[in-house]
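*Asks:* One structure coming up, written as structure tokens, with questions to follow.
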Amino acid sequence: MEQLSHNDIENEQKQFPITIVCDAIRTPENIGMCFRISESFGVQKIYFHENSPSIENRIVKKTARNTVNQIQHTSYANFNNLVNRLKAEGNTIIGIEITDKSINIEDFNFKNYEKIVLILGSERNGIEDINLMDYTVSIPMYGRNSSMNVIHSLAIMLYEVTRQFSLISR
């Protein structure tokens, strides 16, 4: 067995009908990692709140590792207006959040929806207005803690969404 380097690997490059909305994410590392993980999973676009750390932030740049230049992104000022506009454009709005109505990620059929927007809540307060969501999806956890880092949740969610979408194209 031989470990491969980045130069040895050619990924099948795909883009999926997935948009990410970061609801007031404040940590520069999380912004940078959002770029990195979203690019890895073929996300179309990312929206960041205007008060989130800028892509010019040195920690964002370091953590994103040049993926800032590889994925479409923009900022927004009003969460409710953005979500309502994305809904009007035919997107299904899915909050990655634990609620009394959350559907387990293993039971959610993402491939039933043409265009998906995944909403990431802020590190401190979660999703600003949970009632704007069409669905909330949660990730089963087996430890004492009831939550995990927002980007880890995004990575797990993107894995499952793209896995299901890839099954359609086979």
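By order in the structure tokens, chains are A, B, ...; within a chain, residues start at 1; ligands start at 1, following the order shown.
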From the DSSP assignment of the backbone, select every residue of chain A that is strand (DSSP E), and format the answer as a PDB file with C-alpha atoms, in the first residue's frame.
*Replies:*
ATOM      1  CA  ILE A  18     -26.711  22.932  -3.106  1.00  0.00           C
ATOM      2  CA  THR A  19     -26.410  26.400  -1.584  1.00  0.00           C
ATOM      3  CA  ILE A  20     -25.104  27.112   1.909  1.00  0.00           C
ATOM      4  CA  VAL A  21     -26.333  30.002   4.060  1.00  0.00           C
ATOM      5  CA  CYS A  22     -24.181  30.790   7.084  1.00  0.00           C
ATOM      6  CA  LYS A  45     -22.756  28.990  -3.702  1.00  0.00           C
ATOM      7  CA  ILE A  46     -22.226  30.191  -0.139  1.00  0.00           C
ATOM      8  CA  TYR A  47     -23.901  33.164   1.533  1.00  0.00           C
ATOM      9  CA  PHE A  48     -22.239  34.812   4.546  1.00  0.00           C
ATOM     10  CA  HIS A  49     -23.747  37.463   6.780  1.00  0.00           C
ATOM     11  CA  GLN A  72     -19.150  31.408  -5.729  1.00  0.00           C
ATOM     12  CA  HIS A  73     -19.941  33.406  -2.591  1.00  0.00           C
ATOM     13  CA  THR A  74     -21.557  36.638  -1.502  1.00  0.00           C
ATOM     14  CA  SER A  75     -22.777  38.372   1.619  1.00  0.00           C
ATOM     15  CA  TYR A  76     -26.269  39.291   2.772  1.00  0.00           C
ATOM     16  CA  THR A  92     -36.034  23.711  -0.364  1.00  0.00           C
ATOM     17  CA  ILE A  93     -34.737  25.278   2.848  1.00  0.00           C
ATOM     18  CA  ILE A  94     -33.205  22.786   5.276  1.00  0.00           C
ATOM     19  CA  GLY A  95     -31.861  23.824   8.655  1.00  0.00           C
ATOM     20  CA  ILE A  96     -29.103  21.729  10.174  1.00  0.00           C
ATOM     21  CA  ILE A 103     -35.806  14.514  10.835  1.00  0.00           C
ATOM     22  CA  ASN A 104     -32.885  12.174  11.351  1.00  0.00           C
ATOM     23  CA  ILE A 116     -31.409  22.533  -1.618  1.00  0.00           C
ATOM     24  CA  VAL A 117     -30.323  25.321   0.693  1.00  0.00           C
ATOM     25  CA  LEU A 118     -28.583  24.171   3.861  1.00  0.00           C
ATOM     26  CA  ILE A 119     -28.790  26.676   6.705  1.00  0.00           C
ATOM     27  CA  LEU A 120     -26.016  26.752   9.298  1.00  0.00           C
ATOM     28  CA  TYR A 135     -37.378  21.107   7.268  1.00  0.00           C
ATOM     29  CA  THR A 136     -34.808  20.685   9.988  1.00  0.00           C
ATOM     30  CA  VAL A 137     -32.469  17.728   9.842  1.00  0.00           C
ATOM     31  CA  SER A 138     -30.394  16.426  12.717  1.00  0.00           C
TER      32      SER A 138
END
*Asks:* Kindly indicate which residue among A:Ile168, A:Val161, A:Ile98, A:Ala155 lies nearest to Met33 (chain A), using only C-alpha atoms for the distances.
*Replies:*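 Selected residue with least distance to Met33 (chain A): A:Ala155.
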*Asks:* Out of region 7-105 of chain A, which residues get alpha helix (DSSP H) from DSSP, as a PyMOL selection string?
*Replies:* chain A and resi 28-40+58-64+79-88
*Asks:* Report, in Å to a single decimal, how far apart CA of Ser122 (chain A) and CA of Ile59 (chain A) are.
*Replies:* 18.1 Å
*Asks:* For region 23-29 of chain A, find every residue with an atom within 10 Å (counting only C-alpha atoms), except residues of its own chain fewer than 2 positions away, and show them as a count of residues only.
*Replies:* 40
*Asks:* Of the candidates A:Asp134, A:Asp8, A:Ser38, A:Arg144, which shows the shortest atom-to-atom distance to Leu158 (chain A), using only C-alpha atoms?
*Replies:*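 Nearest to Leu158 (chain A): A:Ser38.
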*Asks:* Pick from A:His152, A:Arg36, A:Lys87, A:Arg163: nearest to Arg65 (chain A), with only C-alpha atoms counted?
*Replies:*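 Of the candidates, the smallest distance to Arg65 (chain A) is held by A:Arg36.
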*Asks:* Name the closest residue to Ser153 (chain A) among the candidates A:Pro140, A:Val68, A:Phe16, A:Asn11; distances are taken between atoms, counting only C-alpha atoms.
*Replies:*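 Ranked by minimum distance to Ser153 (chain A), first place goes to A:Pro140.
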*Asks:* With distances taken over only C-alpha atoms, which of A:Asn149, A:Gln164, A:Asn131, A:Asn81 is nearest to Asn30 (chain A)?
*Replies:*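 Among the listed residues, the smallest separation from Asn30 (chain A) belongs to A:Asn149.
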*Asks:* Work out how far CA of Arg85 (chain A) is from CA of Gln15 (chain A), in Å to one decimal.
*Replies:*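 Between these atoms lies a distance of 21.7 Å.
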*Asks:* Using only C-alpha atoms, pick whichever of A:Gln3, A:Ile9, A:Asn66, A:Pro17 has the shortest atom-to-atom distance to Ile37 (chain A).
*Replies:* A:Asn66
*Asks:* Could you work out how far CA of Lys111 (chain A) lies from CA of Phe165 (chain A), giving the answer in Å with one decimal?
*Replies:*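 Separating CA of Phe165 (chain A) from CA of Lys111 (chain A) is a distance of 5.6 Å.
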*Asks:* Just the residues within 12 Å of Lys14 (chain A), please, counting only C-alpha atoms, with nothing from its chain fewer than 6 positions along; format it as JSON, numbers by chain.
*Replies:* {"A": [38, 39, 40, 41, 42, 43, 44, 162, 163, 165, 166, 169]}
